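Student: Questions regarding the structure given below will be posed in turn.
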Amino acid sequence: MQITILNGNSNPKDTSFEQYISQVTSQLESDHDITNIKLRKLKIKLCTGCFGCWVNTPGKCIFNDDTDMIRESYMRSDLVIFASPVIMGFTSALLKSAQDKLLPLLHPNFTLLKNEIHHKYRYKTYPLVGLIVSKEPKMQDNDISIITDIYNRIAINLNTSLSFSITTQSPVKELMYAVNNF
Amino acid sequence: MLLTIFNGSPRGKQSNSRFLCDAFMKGYIEKDDGKDIIQIIDLIEVAKIKSLRSIFAQSDHVIIAFPLYIDSMPAQVKYFFETLKNYKMKKQIQSIGFFVQSGFPGKIHSTFIEQYLSNFSMRLGCQYMGTVIKGGGESIKISALQKKIIHRLIFKIAALTDLGRVGHLLDNKKHFNHFYELGKQYKKFHYFDSHIIKKLDRPKKINWFNYSLYKFIAENFYWNTLLKRYNSTQQRDNTPYS
């Protein structure tokens with residue numbers, strides 16, 4: 001199985017998060033083909049909301065940055081894992097900057113899903129998505145469930161489902177079980 | 001009293017969010033008593049975002065407006081939120097509220113981020129003033145794009161009759177009036193008027209008829225027009241990552 005990990009940790013000094021992702025990567029590598037993308041090392045031009053990816057160069061962002069590689073790896077995968085420390089109650093701005101640039105994978109036209117309007121899907125199939133977050137100090141009780149709810153919505157808009165949402169406090173084997181049994 | 005509105009749309013001054021903030025400000029300053037100051041700050045350049053937190057810290061009340069990008073705030077807004085982490089403020093911001101507008105009609109798309117925004121306010125120790133949700137926000141641009149008189153007329157009729165319960169989304173004047181009234185009420189009573197918020201919620205549920213009508217209008221009068229402008233109609237279904 002092809003798996004892409006989008007690592008949204010912007011702080012290289014956060015060694016505990018990096019160690020967790022390294023463990024996950026090394027354990028998954030024995031059975032799967034892993035692409036581990038450290039977003040902080042990429043040049044990401046933030047989405048400007050220009051809709052150029054829909055009306056000017058359909059399917060591609062009009063700006064030349066490293067997100068082309070992210071989208072390519074995303075669409076080549078069977079599973080994409082969004083990974084990020086929680087900062088101010090949500091996943092990182094760095095990860096968000098990459099997610100905003102997934103818009104070219106959708107089509108501007110519309111579709112109706114369970115009485116909600118969504119964008120039509122540009123591709124026939126999309127990868128499943130998963131979420132790994134590390135908690136920050138002073139989190140509120142429902143922070144993780146709010147993050148998970150929002151990622152469930154992201155998954156619906158990306159024509160897929162959220163196959164797991166775990167924190168770095170969970171043993172790696174729990175994630176391995178989720179990946180190998182989805 | 002200083003009220004600062006941060007516009008988190010990457011489109012800046014030409015954004016739908018900014019137009020709504022401008023309308024709110026007009027209502028707010030309608031009866032100027034000289035006691036209150038209101039300002040709108042655009043959060044566009046990430047490089048400058050850190051410097052804007054001092055403006056945040058000086059404010060008594062704050063409103064943050066943004067369009068929904070992939071089901072949450074645009075990255076710029078999240079960067080701004082992150083600069084506030086561990087930022088020592090000399091005084092406590094009294095209240096914080098939000099405007100969230102999504103391209104899709106219907107409130108459902110923004111209700112999940114609303115829960116986050118409530119927690120975010122608590123995290124900063126501010127009173128949460130609520131989130132004003134405006135669905136179908138891109139309709140502002142759809143109406144503005146119409147050049148032909150016949151199309152303008154059709155849009156006018158659809159808006160006046162609220163055709164299929166999505167027609168009102170084409171009435172820009174009405175949207176701006178709602179935000180103007182919201183600003184007026186906020187100045188007077190210092191809360192977001194729930195009656196106006198309800199008016200912005202419509203339609204609550206989308207059925208096949210609403211959907212078909214919205215789809216017809218947005219696809220034919222917006223996306224197709226833009227695709228023709230860029231001579232990209234033939235490439236509209238491209239799948240470059242297949």
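Please note that chains go A, B, ... in the order of the structure tokens, that every chain numbers its residues from 1, and that ligands are numbered from 1 in the order shown.
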Give one line per residue of chain B that approaches chain A to at most 7 Å, naming the two atoms of the closest pair and their distance in Å to one decimal, counting only C-alpha atoms; sort by chain then ascending residue number and deliver it as a Markdown table.
Tutor:
```
| residue | atom | partner | partner_atom | distance |
| --- | --- | --- | --- | --- |
| B:Pro10 | CA | A:Thr48 | CA | 5.0 |
| B:Arg11 | CA | A:Thr48 | CA | 6.1 |
| B:Tyr69 | CA | A:Asp100 | CA | 6.4 |
| B:Ile70 | CA | A:Asp100 | CA | 6.1 |
| B:Asp71 | CA | A:Ile154 | CA | 5.8 |
| B:Ala75 | CA | A:Ser97 | CA | 4.9 |
| B:Lys78 | CA | A:Ala93 | CA | 5.1 |
| B:Tyr79 | CA | A:Ala93 | CA | 5.2 |
| B:Phe81 | CA | A:Met88 | CA | 6.8 |
| B:Glu82 | CA | A:Met88 | CA | 6.1 |
| B:Lys85 | CA | A:Met88 | CA | 6.6 |
| B:Phe104 | CA | A:Ile117 | CA | 6.3 |
| B:Phe112 | CA | A:Ile150 | CA | 5.9 |
| B:Ile113 | CA | A:Ile150 | CA | 6.9 |
| B:Gln115 | CA | A:Ile146 | CA | 6.9 |
| B:Tyr116 | CA | A:Ile146 | CA | 6.4 |
| B:Phe120 | CA | A:Gly89 | CA | 6.9 |
| B:Lys205 | CA | A:Asn115 | CA | 6.6 |
| B:Ile206 | CA | A:Asn115 | CA | 5.1 |
| B:Asn207 | CA | A:Asn115 | CA | 5.8 |
| B:Tyr211 | CA | A:Ile117 | CA | 6.9 |
| B:Lys215 | CA | A:Phe110 | CA | 6.2 |
| B:Glu219 | CA | A:Asn109 | CA | 6.1 |
| B:Leu226 | CA | A:Val55 | CA | 6.0 |
| B:Leu227 | CA | A:Val55 | CA | 4.7 |
| B:Tyr230 | CA | A:Asn56 | CA | 5.4 |
| B:Ser232 | CA | A:Asn56 | CA | 6.0 |
| B:Gln235 | CA | A:Pro58 | CA | 6.2 |
| B:Arg236 | CA | A:Pro58 | CA | 5.4 |
| B:Asp237 | CA | A:Arg122 | CA | 6.7 |
| B:Asn238 | CA | A:Gly59 | CA | 5.9 |
| B:Thr239 | CA | A:Gly59 | CA | 6.0 |
| B:Pro240 | CA | A:Gly59 | CA | 6.2 |
| B:Tyr241 | CA | A:Glu72 | CA | 5.6 |
```
Student: Which residues come within 8 Å of Pro105 in chain B, counting only C-alpha atoms, excluding same-chain residues fewer than 6 positions away, as number ranges by chain?
Tutor: A: 117; B: 135-137, 166, 202-203
Student: Using only C-alpha atoms, which protein or nucleic acid residues come within 8 Å of Ile34 in chain A? Drop anything in the same chain fewer than 3 positions from it, and give the result as a PDB file with C-alpha atoms, in the first residue's frame.
Tutor:
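Result written to selection-v6.pdb:
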```
ATOM      1  CA  GLN A   2       1.199   3.526  -0.819  1.00  0.00           C
ATOM      2  CA  ILE A   3       1.100   5.829   2.217  1.00  0.00           C
ATOM      3  CA  THR A   4       1.942   9.529   2.351  1.00  0.00           C
ATOM      4  CA  ILE A   5       2.591  11.188   5.701  1.00  0.00           C
ATOM      5  CA  THR A  25       7.413   5.409   9.505  1.00  0.00           C
ATOM      6  CA  LEU A  28       5.005   0.926   8.396  1.00  0.00           C
ATOM      7  CA  GLU A  29       7.939   0.640   6.006  1.00  0.00           C
TER       8      GLU A  29
END
```
Student: Going by DSSP on the backbone, which bits of range 6-230 of chain B are strand (DSSP E or B)? Write them as a PDB file with N, CA and C atoms, in the first residue's frame, please.
Tutor:
```
ATOM      1  N   PHE B   6     -10.435  41.874  12.242  1.00  0.00           N
ATOM      2  CA  PHE B   6      -9.377  41.303  11.413  1.00  0.00           C
ATOM      3  C   PHE B   6     -10.040  40.546  10.260  1.00  0.00           C
ATOM      4  N   ASN B   7      -9.700  40.948   9.051  1.00  0.00           N
ATOM      5  CA  ASN B   7     -10.230  40.250   7.880  1.00  0.00           C
ATOM      6  C   ASN B   7      -9.228  39.188   7.460  1.00  0.00           C
ATOM      7  N   ILE B  37     -13.858  53.630  18.684  1.00  0.00           N
ATOM      8  CA  ILE B  37     -13.054  53.593  17.463  1.00  0.00           C
ATOM      9  C   ILE B  37     -13.178  52.183  16.882  1.00  0.00           C
ATOM     10  N   ILE B  38     -13.335  52.114  15.573  1.00  0.00           N
ATOM     11  CA  ILE B  38     -13.389  50.813  14.898  1.00  0.00           C
ATOM     12  C   ILE B  38     -12.382  50.832  13.763  1.00  0.00           C
ATOM     13  N   GLN B  39     -11.684  49.716  13.584  1.00  0.00           N
ATOM     14  CA  GLN B  39     -10.727  49.622  12.477  1.00  0.00           C
ATOM     15  C   GLN B  39     -10.787  48.218  11.881  1.00  0.00           C
ATOM     16  N   ILE B  40     -10.460  48.134  10.578  1.00  0.00           N
ATOM     17  CA  ILE B  40     -10.401  46.823   9.916  1.00  0.00           C
ATOM     18  C   ILE B  40      -8.961  46.587   9.468  1.00  0.00           C
ATOM     19  N   ILE B  41      -8.430  45.427   9.840  1.00  0.00           N
ATOM     20  CA  ILE B  41      -7.053  45.076   9.487  1.00  0.00           C
ATOM     21  C   ILE B  41      -7.091  43.813   8.627  1.00  0.00           C
ATOM     22  N   ASP B  42      -6.427  43.846   7.482  1.00  0.00           N
ATOM     23  CA  ASP B  42      -6.377  42.662   6.601  1.00  0.00           C
ATOM     24  C   ASP B  42      -5.194  41.771   6.980  1.00  0.00           C
ATOM     25  N   HIS B  61     -12.241  45.053  22.046  1.00  0.00           N
ATOM     26  CA  HIS B  61     -13.095  44.009  21.469  1.00  0.00           C
ATOM     27  C   HIS B  61     -12.541  43.656  20.089  1.00  0.00           C
ATOM     28  N   VAL B  62     -12.707  42.388  19.735  1.00  0.00           N
ATOM     29  CA  VAL B  62     -12.151  41.916  18.459  1.00  0.00           C
ATOM     30  C   VAL B  62     -13.199  41.091  17.722  1.00  0.00           C
ATOM     31  N   ILE B  63     -13.224  41.266  16.396  1.00  0.00           N
ATOM     32  CA  ILE B  63     -14.008  40.371  15.530  1.00  0.00           C
ATOM     33  C   ILE B  63     -13.036  39.840  14.481  1.00  0.00           C
ATOM     34  N   ILE B  64     -13.083  38.538  14.259  1.00  0.00           N
ATOM     35  CA  ILE B  64     -12.221  37.954  13.232  1.00  0.00           C
ATOM     36  C   ILE B  64     -13.124  37.373  12.142  1.00  0.00           C
ATOM     37  N   ALA B  65     -12.929  37.840  10.920  1.00  0.00           N
ATOM     38  CA  ALA B  65     -13.754  37.380   9.783  1.00  0.00           C
ATOM     39  C   ALA B  65     -12.893  36.557   8.845  1.00  0.00           C
ATOM     40  N   PHE B  66     -13.451  35.463   8.357  1.00  0.00           N
ATOM     41  CA  PHE B  66     -12.694  34.690   7.356  1.00  0.00           C
ATOM     42  C   PHE B  66     -13.629  33.813   6.536  1.00  0.00           C
ATOM     43  N   PRO B  67     -13.181  33.459   5.319  1.00  0.00           N
ATOM     44  CA  PRO B  67     -13.947  32.505   4.526  1.00  0.00           C
ATOM     45  C   PRO B  67     -13.547  31.083   4.937  1.00  0.00           C
ATOM     46  N   TYR B  69     -12.066  27.722   4.348  1.00  0.00           N
ATOM     47  CA  TYR B  69     -11.154  27.073   3.390  1.00  0.00           C
ATOM     48  C   TYR B  69     -10.957  25.635   3.838  1.00  0.00           C
ATOM     49  N   SER B  72     -12.156  24.801   7.410  1.00  0.00           N
ATOM     50  CA  SER B  72     -11.735  25.563   8.603  1.00  0.00           C
ATOM     51  C   SER B  72     -11.183  26.917   8.174  1.00  0.00           C
ATOM     52  N   SER B  95     -13.912  40.961  24.622  1.00  0.00           N
ATOM     53  CA  SER B  95     -14.746  39.994  23.901  1.00  0.00           C
ATOM     54  C   SER B  95     -14.196  39.737  22.504  1.00  0.00           C
ATOM     55  N   ILE B  96     -14.582  38.578  22.000  1.00  0.00           N
ATOM     56  CA  ILE B  96     -14.157  38.215  20.646  1.00  0.00           C
ATOM     57  C   ILE B  96     -15.314  37.511  19.925  1.00  0.00           C
ATOM     58  N   GLY B  97     -15.541  37.906  18.699  1.00  0.00           N
ATOM     59  CA  GLY B  97     -16.599  37.299  17.886  1.00  0.00           C
ATOM     60  C   GLY B  97     -16.061  36.996  16.499  1.00  0.00           C
ATOM     61  N   PHE B  98     -16.847  36.293  15.722  1.00  0.00           N
ATOM     62  CA  PHE B  98     -16.346  35.837  14.420  1.00  0.00           C
ATOM     63  C   PHE B  98     -17.413  35.970  13.335  1.00  0.00           C
ATOM     64  N   PHE B  99     -16.952  36.250  12.109  1.00  0.00           N
ATOM     65  CA  PHE B  99     -17.793  36.131  10.917  1.00  0.00           C
ATOM     66  C   PHE B  99     -17.173  35.007  10.087  1.00  0.00           C
ATOM     67  N   VAL B 100     -17.959  34.005   9.774  1.00  0.00           N
ATOM     68  CA  VAL B 100     -17.454  32.935   8.902  1.00  0.00           C
ATOM     69  C   VAL B 100     -18.364  32.853   7.693  1.00  0.00           C
ATOM     70  N   GLN B 101     -17.790  32.967   6.521  1.00  0.00           N
ATOM     71  CA  GLN B 101     -18.635  32.831   5.339  1.00  0.00           C
ATOM     72  C   GLN B 101     -18.104  31.714   4.450  1.00  0.00           C
ATOM     73  N   GLN B 127     -14.581  36.865  26.493  1.00  0.00           N
ATOM     74  CA  GLN B 127     -15.990  36.509  26.354  1.00  0.00           C
ATOM     75  C   GLN B 127     -16.246  36.179  24.886  1.00  0.00           C
ATOM     76  N   TYR B 128     -16.895  35.047  24.638  1.00  0.00           N
ATOM     77  CA  TYR B 128     -17.202  34.642  23.259  1.00  0.00           C
ATOM     78  C   TYR B 128     -18.510  35.292  22.832  1.00  0.00           C
ATOM     79  N   MET B 129     -18.436  36.136  21.808  1.00  0.00           N
ATOM     80  CA  MET B 129     -19.621  36.873  21.360  1.00  0.00           C
ATOM     81  C   MET B 129     -20.464  36.087  20.351  1.00  0.00           C
ATOM     82  N   GLY B 130     -19.950  34.962  19.897  1.00  0.00           N
ATOM     83  CA  GLY B 130     -20.683  34.163  18.922  1.00  0.00           C
ATOM     84  C   GLY B 130     -20.066  34.262  17.546  1.00  0.00           C
ATOM     85  N   THR B 131     -20.596  33.425  16.659  1.00  0.00           N
ATOM     86  CA  THR B 131     -20.097  33.377  15.289  1.00  0.00           C
ATOM     87  C   THR B 131     -21.256  33.636  14.336  1.00  0.00           C
ATOM     88  N   VAL B 132     -21.089  34.637  13.503  1.00  0.00           N
ATOM     89  CA  VAL B 132     -22.103  34.934  12.483  1.00  0.00           C
ATOM     90  C   VAL B 132     -21.725  34.131  11.243  1.00  0.00           C
ATOM     91  N   ILE B 133     -22.607  33.243  10.846  1.00  0.00           N
ATOM     92  CA  ILE B 133     -22.318  32.380   9.698  1.00  0.00           C
ATOM     93  C   ILE B 133     -23.095  32.857   8.486  1.00  0.00           C
ATOM     94  N   LYS B 134     -22.364  33.040   7.406  1.00  0.00           N
ATOM     95  CA  LYS B 134     -23.004  33.468   6.160  1.00  0.00           C
ATOM     96  C   LYS B 134     -22.689  32.422   5.100  1.00  0.00           C
TER      97      LYS B 134
END
```
Student: So which residues touch range 12-18 of chain A within 8 Å, counting only C-alpha atoms, skipping near sequence neighbours fewer than 5 positions away, as a PyMOL selection string?
Tutor: chain A and resi 85+134+168
Student: Could you write out that same residue set with N, CA and C atoms as a short mmCIF file (atom, residue, chain, number, x, y, z; two decimals), in the first residue's frame?
Tutor:
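Full text of out39.cif as output:
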```cif
data_model
loop_
_atom_site.label_atom_id
_atom_site.label_comp_id
_atom_site.auth_asym_id
_atom_site.auth_seq_id
_atom_site.Cartn_x
_atom_site.Cartn_y
_atom_site.Cartn_z
N PRO A 85 1.42 18.58 15.53
CA PRO A 85 1.16 18.92 16.93
C PRO A 85 -0.07 19.81 16.99
N SER A 134 -0.34 15.49 18.30
CA SER A 134 0.23 15.45 19.66
C SER A 134 -0.43 16.57 20.45
N THR A 168 -0.43 11.12 19.85
CA THR A 168 0.89 10.49 20.01
C THR A 168 1.03 9.81 21.37
#
```
Student: Which residues are close to range 26-36 of chain B, i.e. within 9 Å by only C-alpha atoms, leaving aside same-chain residues fewer than 3 positions away? Reply as a list in words.
Tutor: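 With the cut-off at 9 Å, the set is Met1, Leu2, Leu3, Cys21, Asp22, Ala23, Asn177, Phe179, Tyr180, Glu181, Leu182, Gly183, Lys184, Gln185, Tyr186, Lys187 and Lys188 of chain B.
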Student: May I have the residues from that selection written out with all heavy atoms, as a compact mmCIF listing (two decimals), in the first residue's frame?
Tutor:
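Okay, this is what ended up in result_1.txt:
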```txt
# COMPACT_ATOMS: atom_id res chain seq x y z
N MET B 1 -13.33 53.05 23.57
CA MET B 1 -13.33 51.62 23.29
C MET B 1 -12.86 51.36 21.87
O MET B 1 -13.31 52.01 20.94
CB MET B 1 -14.76 51.08 23.47
CG MET B 1 -14.84 49.57 23.40
SD MET B 1 -16.53 49.01 23.13
CE MET B 1 -16.67 49.13 21.37
N LEU B 2 -11.93 50.43 21.74
CA LEU B 2 -11.41 50.11 20.40
C LEU B 2 -11.90 48.73 19.95
O LEU B 2 -11.65 47.74 20.63
CB LEU B 2 -9.87 50.14 20.43
CG LEU B 2 -9.16 49.68 19.15
CD1 LEU B 2 -9.50 50.57 17.95
CD2 LEU B 2 -7.64 49.64 19.35
N LEU B 3 -12.60 48.72 18.82
CA LEU B 3 -13.03 47.46 18.21
C LEU B 3 -12.18 47.24 16.96
O LEU B 3 -12.17 48.09 16.06
CB LEU B 3 -14.52 47.52 17.84
CG LEU B 3 -15.04 46.41 16.92
CD1 LEU B 3 -14.96 45.04 17.60
CD2 LEU B 3 -16.49 46.68 16.49
N CYS B 21 -17.41 43.01 6.22
CA CYS B 21 -16.84 43.80 7.34
C CYS B 21 -17.09 45.29 7.11
O CYS B 21 -17.41 46.03 8.06
CB CYS B 21 -15.33 43.56 7.45
SG CYS B 21 -14.88 41.90 7.93
N ASP B 22 -16.91 45.74 5.87
CA ASP B 22 -17.12 47.16 5.54
C ASP B 22 -18.57 47.56 5.84
O ASP B 22 -18.83 48.63 6.39
CB ASP B 22 -16.82 47.43 4.06
CG ASP B 22 -15.31 47.41 3.77
OD1 ASP B 22 -14.52 47.55 4.72
OD2 ASP B 22 -14.94 47.26 2.59
N ALA B 23 -19.51 46.67 5.46
CA ALA B 23 -20.93 46.96 5.69
C ALA B 23 -21.21 47.04 7.20
O ALA B 23 -21.93 47.92 7.67
CB ALA B 23 -21.80 45.88 5.05
N ASN B 177 -26.95 44.90 3.76
CA ASN B 177 -27.89 45.51 4.73
C ASN B 177 -27.91 44.74 6.04
O ASN B 177 -27.97 45.33 7.12
CB ASN B 177 -29.31 45.54 4.16
CG ASN B 177 -29.57 46.86 3.45
OD1 ASN B 177 -28.86 47.83 3.68
ND2 ASN B 177 -30.57 46.88 2.59
N PHE B 179 -25.50 42.98 7.35
CA PHE B 179 -24.28 43.27 8.09
C PHE B 179 -24.25 44.71 8.59
O PHE B 179 -23.69 45.00 9.66
CB PHE B 179 -23.03 42.91 7.27
CG PHE B 179 -22.69 41.45 7.41
CD1 PHE B 179 -23.37 40.50 6.67
CD2 PHE B 179 -21.75 41.02 8.32
CE1 PHE B 179 -23.10 39.15 6.82
CE2 PHE B 179 -21.47 39.67 8.49
CZ PHE B 179 -22.15 38.72 7.74
N TYR B 180 -24.86 45.61 7.82
CA TYR B 180 -24.99 47.00 8.26
C TYR B 180 -25.82 47.05 9.55
O TYR B 180 -25.43 47.68 10.54
CB TYR B 180 -25.67 47.80 7.13
CG TYR B 180 -25.94 49.24 7.45
CD1 TYR B 180 -24.97 50.21 7.21
CD2 TYR B 180 -27.17 49.64 7.97
CE1 TYR B 180 -25.22 51.55 7.51
CE2 TYR B 180 -27.43 50.97 8.26
CZ TYR B 180 -26.46 51.92 8.02
OH TYR B 180 -26.71 53.24 8.32
N GLU B 181 -26.95 46.35 9.53
CA GLU B 181 -27.82 46.29 10.72
C GLU B 181 -27.11 45.63 11.90
O GLU B 181 -27.26 46.03 13.04
CB GLU B 181 -29.11 45.52 10.40
CG GLU B 181 -30.11 46.29 9.56
CD GLU B 181 -30.57 47.59 10.24
OE1 GLU B 181 -30.78 47.58 11.46
OE2 GLU B 181 -30.71 48.61 9.54
N LEU B 182 -26.36 44.58 11.57
CA LEU B 182 -25.60 43.86 12.60
C LEU B 182 -24.63 44.83 13.30
O LEU B 182 -24.50 44.82 14.53
CB LEU B 182 -24.81 42.73 11.93
CG LEU B 182 -24.51 41.46 12.69
CD1 LEU B 182 -25.75 40.78 13.21
CD2 LEU B 182 -23.75 40.48 11.78
N GLY B 183 -23.96 45.68 12.49
CA GLY B 183 -23.03 46.68 13.04
C GLY B 183 -23.75 47.70 13.90
O GLY B 183 -23.26 48.08 14.97
N LYS B 184 -24.91 48.11 13.45
CA LYS B 184 -25.70 49.10 14.20
C LYS B 184 -26.10 48.55 15.57
O LYS B 184 -25.98 49.21 16.60
CB LYS B 184 -26.98 49.44 13.40
CG LYS B 184 -26.99 50.82 12.82
CD LYS B 184 -28.15 51.04 11.89
CE LYS B 184 -29.46 51.27 12.58
NZ LYS B 184 -30.53 51.63 11.61
N GLN B 185 -26.61 47.31 15.54
CA GLN B 185 -27.07 46.66 16.78
C GLN B 185 -25.89 46.39 17.72
O GLN B 185 -26.02 46.50 18.94
CB GLN B 185 -27.79 45.34 16.46
CG GLN B 185 -29.04 45.49 15.62
CD GLN B 185 -30.12 46.29 16.33
OE1 GLN B 185 -30.26 46.21 17.53
NE2 GLN B 185 -30.86 47.09 15.58
N TYR B 186 -24.77 45.99 17.14
CA TYR B 186 -23.59 45.68 17.95
C TYR B 186 -23.13 46.93 18.71
O TYR B 186 -22.77 46.87 19.88
CB TYR B 186 -22.47 45.16 17.04
CG TYR B 186 -21.23 44.68 17.76
CD1 TYR B 186 -21.10 43.36 18.17
CD2 TYR B 186 -20.19 45.56 18.05
CE1 TYR B 186 -19.96 42.92 18.83
CE2 TYR B 186 -19.05 45.13 18.71
CZ TYR B 186 -18.94 43.81 19.10
OH TYR B 186 -17.81 43.38 19.76
N LYS B 187 -23.16 48.05 18.00
CA LYS B 187 -22.75 49.32 18.62
C LYS B 187 -23.69 49.67 19.79
O LYS B 187 -23.26 50.09 20.86
CB LYS B 187 -22.79 50.41 17.55
CG LYS B 187 -22.81 51.82 18.05
CD LYS B 187 -21.44 52.39 18.09
CE LYS B 187 -21.50 53.84 18.49
NZ LYS B 187 -20.23 54.46 18.51
N LYS B 188 -24.98 49.44 19.56
CA LYS B 188 -26.00 49.82 20.54
C LYS B 188 -26.02 48.89 21.77
O LYS B 188 -26.00 49.34 22.89
CB LYS B 188 -27.36 49.75 19.83
CG LYS B 188 -28.37 50.78 20.28
CD LYS B 188 -29.53 50.70 19.29
CE LYS B 188 -30.69 51.53 19.68
NZ LYS B 188 -31.77 51.39 18.67
```
Student: Which residues in range 176-228 of chain B does DSSP call alpha helix (DSSP H)? List them as a PyMOL selection string.
Tutor: chain B and resi 176-189+194-201+208-218+224-228
Student: Quick check, in Å to one decimal: how far apart do CA of Met25 in chain B and CA of Gln76 in chain B lie?
Tutor: 22.5 Å
